[in-house]
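Peer 1: I'd like to ask you about the structure that follows.
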4 protein chains.
Amino acid sequence: MGRRRKPTELERIGIAIDAGLLANFDVIIGQRGYKNRSEAFRDLVRAELVTERTRLPDAPVVGTVTLVYNHHVRLLSQKLTDLQHEYHHSILSTLHVHLDHHNCLEIIVLQGTSKAVQDLASRLLATKGVNHGKLVMSTVNETL
Amino acid sequence: MGRRRKPTELERIGIAIDAGLLANFDVIIGQRGYKNRSEAFRDLVRAELVTERTRLPDAPVVGTVTLVYNHHVRLLSQKLTDLQHEYHHSILSTLHVHLDHHNCLEIIVLQGTSKAVQDLASRLLATKGVNHGKLVMSTVNETL
Amino acid sequence: MGRRRKPTELERIGIAIDAGLLANFDVIIGQRGYKNRSEAFRDLVRAELVTERTRLPDAPVVGTVTLVYNHHVRLLSQKLTDLQHEYHHSILSTLHVHLDHHNCLEIIVLQGTSKAVQDLASRLLATKGVNHGKLVMSTVNETL
Amino acid sequence: MGRRRKPTELERIGIAIDAGLLANFDVIIGQRGYKNRSEAFRDLVRAELVTERTRLPDAPVVGTVTLVYNHHVRLLSQKLTDLQHEYHHSILSTLHVHLDHHNCLEIIVLQGTSKAVQDLASRLLATKGVNHGKLVMSTVNETL
């Protein structure tokens, strides 16, 4: 479908769409603050591509792990720090927020293959004292 | 963005998109068997609309509950049947598949508000002997 | 952790849990209609196992594809039927519900490897005229 | 189910579980690095509670928004900064990572009701130049 060009070049394509569906699309892109349909459409396409790519175990990904934990749990900070140093080559950065008297939020940015990032996230989430958490994966790519 | 027309009328809109992103989009729509970009685009938009709508507790939805269960568990079929009769006004249809000597798959189609459908699905999934299951919600709408 | 026994044998394990967390757990299992904590706990464990297993491309799974489509679209029923016959070895059963004057719900039960089931589901969902749909995967296993 | 005690007190409950299911559970908790079954079980329960609570529009939540964007896009950093200042009462903290020559990762920690956090996350993700992103919600609670 069309010859290959440089990734940064902009193409213009035509899309046929039912008037009613389009009206509904316009409502939700308005609510989300999109300036135009093209940007909203590109975001839908990018989200689909990222989902496809992060599914492959070997895909290079960036992961954001959010951890909620109770800092009173004995040795927890030490254990999380040790774990991060053991995997320092996979960890890009860390953000720490004091939520209240007891609870901390720690966000750890990981880089590596999809499988490696998921494995390390599982170990972080399994640490005793970490009450809740989740991993979000993204990809970085010239054509995203 | 455009005046309102009848839902079934087809409009044609122009979308600006980076050549590289478009090339990647073409790859995945090819893999999934789409005949053209418009159809793939409309499906992305519809999926987004359905997600938005089924989130509201009062939204009218159709639900598909898939249950995997062991038919040797005493009284289980009877319990599932009783539960379905208690809520017969919400249940449209049921499909039963014998998976192997022990396991059954039962699919129950529900109709009602998003909250009512989720509550009934939870009760079905919580029934002792039901090993696994999941609910999928969809909407029916003239402008989908 | 304990020697291996027959899958159907019941073990009894002790779990330490904060009183407050337990009270909250009791509330949600009550809402969902669980008869006891053991059944609710087993369901959480099974859901986790199914998620792990269906992630592997080669894992044997059962899939439920829910399709919502407009039966007025020319040749759609024929196309869906043709596609199902082409893959008849993967398709266990089909349920059809007439939702309203325009819309049909079709549920197709698939069997095969996780990858094969996902590929066929993608093709069904990409068929022109299919407005919305989703795939749910489950596993059948003696130890589930 | 048991009289109420202080949230921090530990209770011990007995769970009946099929030997085969337990063996499989032990495998995945081993892979994830859990020290014992109780901790793994508590994590399953907490994840379920957080999912339930963040679903309510008025529930107080903490949100982590991960944004991947191209810093060459004109005025994007300015727009993201302006948006964050407009909602400064909802924003706890921000982490910025330079991924490569073109791409930035920005993580923004939000606090507020589930609905407010989702709305602000949608606006951030809809900003032109933001290529991909996702929101994770968590709750902070004495009984988590």
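Ligands are numbered from 1 in the order shown, chains are lettered A, B, ... in the order of the structure tokens, and residues start at 1 in each chain.
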Against chain A, which residues of chain D fall within 6 Å? For each one I want the closest pair of atoms and the distance in Å (one decimal), counting only C-alpha atoms, rows by chain and increasing residue number, as JSON lines.
Peer 2:
{"residue": "D:Arg32", "atom": "CA", "partner": "A:Arg123", "partner_atom": "CA", "distance": 5.2}
{"residue": "D:Gly33", "atom": "CA", "partner": "A:Arg123", "partner_atom": "CA", "distance": 5.5}
{"residue": "D:Tyr34", "atom": "CA", "partner": "A:Ala126", "partner_atom": "CA", "distance": 5.4}
{"residue": "D:Ser122", "atom": "CA", "partner": "A:Arg32", "partner_atom": "CA", "distance": 5.3}
{"residue": "D:Arg123", "atom": "CA", "partner": "A:Arg32", "partner_atom": "CA", "distance": 5.2}
{"residue": "D:Ala126", "atom": "CA", "partner": "A:Tyr34", "partner_atom": "CA", "distance": 5.4}
Peer 1: Could you superpose chain B on chain C by least squares over every Cα, matched in sequence order, and send it back as a short mmCIF file (atom, residue, chain, number, x, y, z; two decimals) with N, CA and C atoms, in the first residue's frame?
Peer 2:
data_model
loop_
_atom_site.label_atom_id
_atom_site.label_comp_id
_atom_site.auth_asym_id
_atom_site.auth_seq_id
_atom_site.Cartn_x
_atom_site.Cartn_y
_atom_site.Cartn_z
N MET B 1 7.66 -27.24 48.60
CA MET B 1 6.56 -26.94 49.51
C MET B 1 5.57 -28.10 49.53
N GLY B 2 5.84 -29.14 50.30
CA GLY B 2 4.93 -30.28 50.39
C GLY B 2 5.23 -31.30 49.30
N ARG B 3 5.06 -32.59 49.61
CA ARG B 3 5.32 -33.61 48.59
C ARG B 3 4.16 -33.69 47.60
N ARG B 4 4.46 -34.23 46.42
CA ARG B 4 3.45 -34.30 45.37
C ARG B 4 2.40 -35.36 45.66
N ARG B 5 1.13 -35.02 45.44
CA ARG B 5 0.06 -36.01 45.59
C ARG B 5 -0.78 -36.01 44.32
N LYS B 6 -1.82 -36.79 44.33
CA LYS B 6 -2.72 -36.81 43.16
C LYS B 6 -3.43 -35.47 43.06
N PRO B 7 -3.65 -34.97 41.84
CA PRO B 7 -4.22 -33.64 41.65
C PRO B 7 -5.56 -33.44 42.34
N THR B 8 -6.35 -34.49 42.46
CA THR B 8 -7.70 -34.33 42.97
C THR B 8 -7.74 -34.33 44.50
N GLU B 9 -6.61 -34.68 45.12
CA GLU B 9 -6.55 -34.71 46.56
C GLU B 9 -6.58 -33.29 47.12
N LEU B 10 -7.24 -33.11 48.26
CA LEU B 10 -7.35 -31.78 48.83
C LEU B 10 -6.32 -31.58 49.94
N GLU B 11 -5.60 -30.45 49.87
CA GLU B 11 -4.68 -30.12 50.95
C GLU B 11 -5.25 -28.95 51.73
N ARG B 12 -4.75 -28.77 52.93
CA ARG B 12 -5.16 -27.64 53.74
C ARG B 12 -3.92 -26.85 54.12
N ILE B 13 -3.87 -25.58 53.70
CA ILE B 13 -2.70 -24.76 54.02
C ILE B 13 -3.12 -23.59 54.90
N GLY B 14 -2.16 -23.08 55.66
CA GLY B 14 -2.42 -21.92 56.51
C GLY B 14 -1.88 -20.67 55.86
N ILE B 15 -2.66 -19.60 55.93
CA ILE B 15 -2.27 -18.32 55.32
C ILE B 15 -2.32 -17.26 56.41
N ALA B 16 -1.24 -16.48 56.54
CA ALA B 16 -1.23 -15.35 57.47
C ALA B 16 -1.65 -14.12 56.72
N ILE B 17 -2.59 -13.38 57.28
CA ILE B 17 -3.10 -12.20 56.57
C ILE B 17 -3.55 -11.14 57.57
N ASP B 18 -3.29 -9.87 57.26
CA ASP B 18 -3.66 -8.77 58.14
C ASP B 18 -5.18 -8.77 58.32
N ALA B 19 -5.63 -8.51 59.52
CA ALA B 19 -7.06 -8.54 59.84
C ALA B 19 -7.85 -7.58 58.94
N GLY B 20 -7.30 -6.41 58.68
CA GLY B 20 -8.01 -5.43 57.87
C GLY B 20 -8.16 -5.86 56.42
N LEU B 21 -7.10 -6.42 55.88
CA LEU B 21 -7.13 -6.90 54.50
C LEU B 21 -8.13 -8.04 54.37
N LEU B 22 -8.13 -8.91 55.39
CA LEU B 22 -9.06 -10.04 55.38
C LEU B 22 -10.51 -9.56 55.42
N ALA B 23 -10.77 -8.54 56.24
CA ALA B 23 -12.14 -8.00 56.33
C ALA B 23 -12.59 -7.48 54.96
N ASN B 24 -11.68 -6.79 54.25
CA ASN B 24 -12.02 -6.28 52.92
C ASN B 24 -12.24 -7.40 51.92
N PHE B 25 -11.43 -8.43 52.03
CA PHE B 25 -11.56 -9.59 51.15
C PHE B 25 -12.93 -10.24 51.38
N ASP B 26 -13.31 -10.36 52.66
CA ASP B 26 -14.61 -10.96 52.98
C ASP B 26 -15.76 -10.16 52.37
N VAL B 27 -15.60 -8.84 52.31
CA VAL B 27 -16.67 -8.01 51.72
C VAL B 27 -16.83 -8.34 50.23
N ILE B 28 -15.71 -8.37 49.49
CA ILE B 28 -15.90 -8.60 48.05
C ILE B 28 -16.29 -10.04 47.74
N ILE B 29 -15.82 -11.01 48.51
CA ILE B 29 -16.26 -12.37 48.21
C ILE B 29 -17.73 -12.55 48.56
N GLY B 30 -18.20 -11.79 49.57
CA GLY B 30 -19.63 -11.80 49.87
C GLY B 30 -20.44 -11.23 48.71
N GLN B 31 -19.99 -10.10 48.18
CA GLN B 31 -20.68 -9.46 47.06
C GLN B 31 -20.76 -10.37 45.84
N ARG B 32 -19.72 -11.15 45.63
CA ARG B 32 -19.68 -12.00 44.44
C ARG B 32 -20.39 -13.34 44.65
N GLY B 33 -20.82 -13.58 45.88
CA GLY B 33 -21.59 -14.79 46.14
C GLY B 33 -20.78 -16.02 46.46
N TYR B 34 -19.52 -15.86 46.86
CA TYR B 34 -18.73 -17.03 47.25
C TYR B 34 -19.26 -17.61 48.55
N LYS B 35 -19.23 -18.94 48.65
CA LYS B 35 -19.69 -19.59 49.87
C LYS B 35 -18.62 -19.58 50.95
N ASN B 36 -17.34 -19.58 50.54
CA ASN B 36 -16.26 -19.56 51.53
C ASN B 36 -14.98 -18.99 50.93
N ARG B 37 -14.03 -18.71 51.80
CA ARG B 37 -12.78 -18.09 51.35
C ARG B 37 -11.95 -19.02 50.49
N SER B 38 -11.97 -20.32 50.79
CA SER B 38 -11.15 -21.26 50.03
C SER B 38 -11.50 -21.21 48.54
N GLU B 39 -12.81 -21.19 48.25
CA GLU B 39 -13.23 -21.17 46.85
C GLU B 39 -12.78 -19.86 46.17
N ALA B 40 -12.92 -18.76 46.89
CA ALA B 40 -12.50 -17.47 46.33
C ALA B 40 -10.99 -17.45 46.09
N PHE B 41 -10.25 -18.02 47.02
CA PHE B 41 -8.80 -18.07 46.89
C PHE B 41 -8.40 -18.93 45.69
N ARG B 42 -9.03 -20.11 45.58
CA ARG B 42 -8.70 -20.99 44.45
C ARG B 42 -8.97 -20.30 43.12
N ASP B 43 -10.05 -19.51 43.05
CA ASP B 43 -10.37 -18.81 41.80
C ASP B 43 -9.30 -17.77 41.45
N LEU B 44 -8.79 -17.08 42.46
CA LEU B 44 -7.71 -16.11 42.21
C LEU B 44 -6.47 -16.82 41.67
N VAL B 45 -6.17 -17.97 42.24
CA VAL B 45 -4.99 -18.72 41.81
C VAL B 45 -5.19 -19.24 40.38
N ARG B 46 -6.38 -19.79 40.11
CA ARG B 46 -6.64 -20.32 38.76
C ARG B 46 -6.57 -19.23 37.71
N ALA B 47 -7.13 -18.05 38.01
CA ALA B 47 -7.12 -16.94 37.05
C ALA B 47 -5.67 -16.55 36.73
N GLU B 48 -4.82 -16.58 37.75
CA GLU B 48 -3.41 -16.24 37.56
C GLU B 48 -2.71 -17.28 36.68
N LEU B 49 -3.01 -18.55 36.92
CA LEU B 49 -2.41 -19.62 36.13
C LEU B 49 -2.85 -19.55 34.67
N VAL B 50 -4.13 -19.28 34.44
CA VAL B 50 -4.63 -19.21 33.06
C VAL B 50 -3.97 -18.06 32.33
N THR B 51 -3.82 -16.91 32.99
CA THR B 51 -3.15 -15.76 32.37
C THR B 51 -1.73 -16.11 31.97
N GLU B 52 -1.00 -16.78 32.88
CA GLU B 52 0.37 -17.19 32.58
C GLU B 52 0.43 -18.13 31.38
N ARG B 53 -0.46 -19.10 31.35
CA ARG B 53 -0.37 -20.15 30.34
C ARG B 53 -0.79 -19.70 28.96
N THR B 54 -1.85 -18.91 28.89
CA THR B 54 -2.33 -18.51 27.56
C THR B 54 -1.37 -17.51 26.92
N ARG B 55 -0.41 -16.99 27.69
CA ARG B 55 0.57 -16.05 27.15
C ARG B 55 1.56 -16.75 26.21
N LEU B 56 1.86 -18.02 26.46
CA LEU B 56 2.80 -18.76 25.63
C LEU B 56 2.14 -19.10 24.29
N PRO B 57 2.80 -18.77 23.15
CA PRO B 57 2.20 -18.98 21.83
C PRO B 57 1.77 -20.43 21.57
N ASP B 58 2.50 -21.39 22.13
CA ASP B 58 2.21 -22.79 21.83
C ASP B 58 1.24 -23.45 22.80
N ALA B 59 0.80 -22.73 23.81
CA ALA B 59 -0.09 -23.31 24.82
C ALA B 59 -1.43 -23.71 24.20
N PRO B 60 -1.93 -24.89 24.53
CA PRO B 60 -3.25 -25.31 24.05
C PRO B 60 -4.32 -24.53 24.79
N VAL B 61 -5.19 -23.86 24.05
CA VAL B 61 -6.22 -23.04 24.69
C VAL B 61 -7.59 -23.29 24.06
N VAL B 62 -8.62 -22.85 24.78
CA VAL B 62 -9.96 -22.76 24.23
C VAL B 62 -10.28 -21.27 24.15
N GLY B 63 -10.77 -20.82 23.02
CA GLY B 63 -11.07 -19.41 22.86
C GLY B 63 -12.54 -19.17 22.60
N THR B 64 -13.07 -18.10 23.16
CA THR B 64 -14.44 -17.68 22.86
C THR B 64 -14.37 -16.33 22.16
N VAL B 65 -14.79 -16.28 20.92
CA VAL B 65 -14.81 -15.00 20.19
C VAL B 65 -16.25 -14.51 20.14
N THR B 66 -16.47 -13.31 20.64
CA THR B 66 -17.80 -12.69 20.56
C THR B 66 -17.78 -11.66 19.43
N LEU B 67 -18.67 -11.78 18.48
CA LEU B 67 -18.75 -10.83 17.36
C LEU B 67 -20.11 -10.15 17.36
N VAL B 68 -20.14 -8.83 17.22
CA VAL B 68 -21.40 -8.12 17.00
C VAL B 68 -21.38 -7.63 15.57
N TYR B 69 -22.39 -7.99 14.80
CA TYR B 69 -22.37 -7.53 13.41
C TYR B 69 -23.77 -7.23 12.88
N ASN B 70 -23.78 -6.50 11.79
CA ASN B 70 -25.02 -6.08 11.15
C ASN B 70 -25.30 -7.05 10.01
N HIS B 71 -26.40 -7.79 10.14
CA HIS B 71 -26.63 -8.84 9.15
C HIS B 71 -27.09 -8.30 7.79
N HIS B 72 -27.32 -6.98 7.71
CA HIS B 72 -27.69 -6.41 6.41
C HIS B 72 -26.48 -6.23 5.50
N VAL B 73 -25.28 -6.25 6.09
CA VAL B 73 -24.09 -6.08 5.26
C VAL B 73 -24.00 -7.23 4.26
N ARG B 74 -23.91 -6.89 3.00
CA ARG B 74 -23.98 -7.86 1.92
C ARG B 74 -22.92 -8.96 2.06
N LEU B 75 -23.33 -10.19 2.03
CA LEU B 75 -22.42 -11.33 1.98
C LEU B 75 -21.67 -11.59 3.29
N LEU B 76 -21.98 -10.82 4.35
CA LEU B 76 -21.20 -10.99 5.58
C LEU B 76 -21.39 -12.40 6.18
N SER B 77 -22.66 -12.82 6.33
CA SER B 77 -22.90 -14.15 6.90
C SER B 77 -22.16 -15.21 6.09
N GLN B 78 -22.22 -15.04 4.76
CA GLN B 78 -21.55 -16.00 3.89
C GLN B 78 -20.04 -16.02 4.15
N LYS B 79 -19.47 -14.81 4.30
CA LYS B 79 -18.02 -14.72 4.54
C LYS B 79 -17.63 -15.34 5.87
N LEU B 80 -18.44 -15.06 6.92
CA LEU B 80 -18.14 -15.63 8.24
C LEU B 80 -18.26 -17.16 8.20
N THR B 81 -19.28 -17.63 7.48
CA THR B 81 -19.45 -19.08 7.37
C THR B 81 -18.29 -19.71 6.60
N ASP B 82 -17.88 -19.06 5.50
CA ASP B 82 -16.75 -19.59 4.71
C ASP B 82 -15.49 -19.68 5.57
N LEU B 83 -15.24 -18.60 6.31
CA LEU B 83 -14.05 -18.54 7.16
C LEU B 83 -14.08 -19.66 8.20
N GLN B 84 -15.28 -19.90 8.75
CA GLN B 84 -15.40 -20.95 9.76
C GLN B 84 -15.21 -22.34 9.15
N HIS B 85 -15.62 -22.51 7.91
CA HIS B 85 -15.42 -23.82 7.28
C HIS B 85 -13.95 -24.03 6.91
N GLU B 86 -13.31 -22.96 6.49
CA GLU B 86 -11.88 -23.04 6.18
C GLU B 86 -11.10 -23.51 7.41
N TYR B 87 -11.54 -23.09 8.58
CA TYR B 87 -10.85 -23.45 9.83
C TYR B 87 -11.70 -24.40 10.68
N HIS B 88 -12.46 -25.28 10.02
CA HIS B 88 -13.42 -26.11 10.77
C HIS B 88 -12.74 -27.00 11.81
N HIS B 89 -11.48 -27.35 11.58
CA HIS B 89 -10.77 -28.20 12.54
C HIS B 89 -10.47 -27.44 13.84
N SER B 90 -10.54 -26.10 13.81
CA SER B 90 -10.26 -25.30 15.01
C SER B 90 -11.54 -24.85 15.69
N ILE B 91 -12.69 -25.04 15.05
CA ILE B 91 -13.93 -24.48 15.57
C ILE B 91 -14.80 -25.56 16.20
N LEU B 92 -15.10 -25.37 17.47
CA LEU B 92 -15.86 -26.39 18.18
C LEU B 92 -17.36 -26.18 18.05
N SER B 93 -17.79 -24.94 18.09
CA SER B 93 -19.22 -24.69 18.15
C SER B 93 -19.50 -23.21 17.91
N THR B 94 -20.76 -22.91 17.58
CA THR B 94 -21.14 -21.53 17.30
C THR B 94 -22.52 -21.25 17.87
N LEU B 95 -22.68 -20.07 18.46
CA LEU B 95 -23.98 -19.66 18.97
C LEU B 95 -24.37 -18.34 18.31
N HIS B 96 -25.60 -18.28 17.87
CA HIS B 96 -26.06 -17.08 17.17
C HIS B 96 -27.26 -16.48 17.91
N VAL B 97 -27.22 -15.17 18.17
CA VAL B 97 -28.34 -14.51 18.85
C VAL B 97 -28.78 -13.30 18.01
N HIS B 98 -30.09 -13.18 17.77
CA HIS B 98 -30.60 -12.02 17.05
C HIS B 98 -30.86 -10.92 18.07
N LEU B 99 -30.03 -9.89 18.08
CA LEU B 99 -30.14 -8.86 19.12
C LEU B 99 -31.28 -7.90 18.87
N ASP B 100 -31.38 -7.40 17.64
CA ASP B 100 -32.50 -6.54 17.27
C ASP B 100 -32.69 -6.65 15.76
N HIS B 101 -33.43 -5.72 15.18
CA HIS B 101 -33.75 -5.82 13.77
C HIS B 101 -32.49 -5.87 12.90
N HIS B 102 -31.42 -5.20 13.35
CA HIS B 102 -30.22 -5.08 12.51
C HIS B 102 -29.05 -5.94 12.99
N ASN B 103 -28.95 -6.09 14.32
CA ASN B 103 -27.70 -6.62 14.88
C ASN B 103 -27.76 -8.08 15.31
N CYS B 104 -26.69 -8.79 15.03
CA CYS B 104 -26.53 -10.17 15.46
C CYS B 104 -25.34 -10.25 16.40
N LEU B 105 -25.42 -11.22 17.30
CA LEU B 105 -24.28 -11.56 18.13
C LEU B 105 -23.90 -12.98 17.74
N GLU B 106 -22.65 -13.20 17.41
CA GLU B 106 -22.24 -14.56 17.10
C GLU B 106 -21.05 -14.91 17.99
N ILE B 107 -21.16 -16.07 18.63
CA ILE B 107 -20.09 -16.51 19.52
C ILE B 107 -19.50 -17.78 18.94
N ILE B 108 -18.19 -17.77 18.74
CA ILE B 108 -17.52 -18.90 18.10
C ILE B 108 -16.50 -19.47 19.08
N VAL B 109 -16.58 -20.77 19.33
CA VAL B 109 -15.67 -21.42 20.27
C VAL B 109 -14.54 -22.08 19.49
N LEU B 110 -13.31 -21.68 19.76
CA LEU B 110 -12.14 -22.14 19.03
C LEU B 110 -11.24 -22.99 19.92
N GLN B 111 -10.51 -23.90 19.30
CA GLN B 111 -9.54 -24.69 20.05
C GLN B 111 -8.24 -24.75 19.25
N GLY B 112 -7.11 -24.67 19.92
CA GLY B 112 -5.83 -24.75 19.23
C GLY B 112 -4.75 -24.12 20.08
N THR B 113 -3.59 -23.85 19.47
CA THR B 113 -2.56 -23.16 20.23
C THR B 113 -2.99 -21.71 20.43
N SER B 114 -2.44 -21.09 21.45
CA SER B 114 -2.75 -19.71 21.75
C SER B 114 -2.56 -18.82 20.52
N LYS B 115 -1.46 -19.03 19.78
CA LYS B 115 -1.19 -18.20 18.61
C LYS B 115 -2.23 -18.43 17.51
N ALA B 116 -2.55 -19.70 17.24
CA ALA B 116 -3.51 -20.01 16.16
C ALA B 116 -4.88 -19.44 16.48
N VAL B 117 -5.28 -19.55 17.76
CA VAL B 117 -6.59 -19.05 18.17
C VAL B 117 -6.63 -17.52 18.04
N GLN B 118 -5.54 -16.85 18.44
CA GLN B 118 -5.49 -15.39 18.32
C GLN B 118 -5.51 -14.94 16.86
N ASP B 119 -4.81 -15.67 16.00
CA ASP B 119 -4.78 -15.31 14.58
C ASP B 119 -6.16 -15.45 13.95
N LEU B 120 -6.83 -16.56 14.23
CA LEU B 120 -8.16 -16.76 13.64
C LEU B 120 -9.15 -15.72 14.19
N ALA B 121 -9.06 -15.44 15.48
CA ALA B 121 -9.94 -14.42 16.07
C ALA B 121 -9.72 -13.06 15.40
N SER B 122 -8.46 -12.72 15.14
CA SER B 122 -8.15 -11.45 14.46
C SER B 122 -8.81 -11.40 13.09
N ARG B 123 -8.76 -12.51 12.35
CA ARG B 123 -9.37 -12.53 11.01
C ARG B 123 -10.88 -12.39 11.10
N LEU B 124 -11.49 -13.04 12.08
CA LEU B 124 -12.95 -12.92 12.24
C LEU B 124 -13.33 -11.48 12.58
N LEU B 125 -12.58 -10.88 13.50
CA LEU B 125 -12.89 -9.51 13.93
C LEU B 125 -12.63 -8.50 12.82
N ALA B 126 -11.72 -8.82 11.88
CA ALA B 126 -11.38 -7.88 10.82
C ALA B 126 -12.36 -7.93 9.65
N THR B 127 -13.26 -8.91 9.67
CA THR B 127 -14.21 -9.05 8.56
C THR B 127 -15.11 -7.82 8.48
N LYS B 128 -15.24 -7.28 7.27
CA LYS B 128 -16.04 -6.08 7.05
C LYS B 128 -17.49 -6.33 7.47
N GLY B 129 -18.04 -5.45 8.29
CA GLY B 129 -19.40 -5.62 8.76
C GLY B 129 -19.45 -6.06 10.22
N VAL B 130 -18.34 -6.65 10.69
CA VAL B 130 -18.25 -6.99 12.11
C VAL B 130 -17.89 -5.71 12.85
N ASN B 131 -18.80 -5.23 13.68
CA ASN B 131 -18.64 -3.92 14.31
C ASN B 131 -17.78 -3.93 15.56
N HIS B 132 -17.85 -5.03 16.27
CA HIS B 132 -17.11 -5.08 17.52
C HIS B 132 -16.96 -6.52 17.94
N GLY B 133 -15.96 -6.79 18.73
CA GLY B 133 -15.80 -8.15 19.19
C GLY B 133 -14.59 -8.30 20.07
N LYS B 134 -14.50 -9.45 20.70
CA LYS B 134 -13.38 -9.69 21.60
C LYS B 134 -13.14 -11.19 21.76
N LEU B 135 -11.89 -11.52 22.08
CA LEU B 135 -11.51 -12.91 22.32
C LEU B 135 -11.22 -13.11 23.80
N VAL B 136 -11.73 -14.19 24.36
CA VAL B 136 -11.37 -14.62 25.72
C VAL B 136 -10.70 -15.98 25.59
N MET B 137 -9.55 -16.16 26.23
CA MET B 137 -8.90 -17.46 26.18
C MET B 137 -8.91 -18.15 27.53
N SER B 138 -9.07 -19.46 27.50
CA SER B 138 -9.03 -20.23 28.72
C SER B 138 -8.19 -21.49 28.47
N THR B 139 -7.89 -22.22 29.52
CA THR B 139 -7.16 -23.47 29.34
C THR B 139 -7.94 -24.59 30.02
N VAL B 140 -7.71 -25.79 29.54
CA VAL B 140 -8.32 -26.94 30.18
C VAL B 140 -7.17 -27.79 30.68
N ASN B 141 -7.23 -28.14 31.92
CA ASN B 141 -6.09 -28.83 32.48
C ASN B 141 -6.52 -29.60 33.71
N GLU B 142 -5.97 -30.80 33.82
CA GLU B 142 -6.37 -31.64 34.96
C GLU B 142 -6.11 -30.97 36.30
N THR B 143 -5.09 -30.10 36.33
CA THR B 143 -4.73 -29.49 37.61
C THR B 143 -5.26 -28.08 37.77
N LEU B 144 -6.31 -27.78 37.03
CA LEU B 144 -6.89 -26.45 37.18
C LEU B 144 -8.06 -26.53 38.17
#
Peer 1: So that I can check the secondary structure, give me every residue of chain A assigned alpha helix (DSSP H) by backbone DSSP, as a ChimeraX atom specification.
Peer 2: /A:19-32,37-55,76-86,114-126
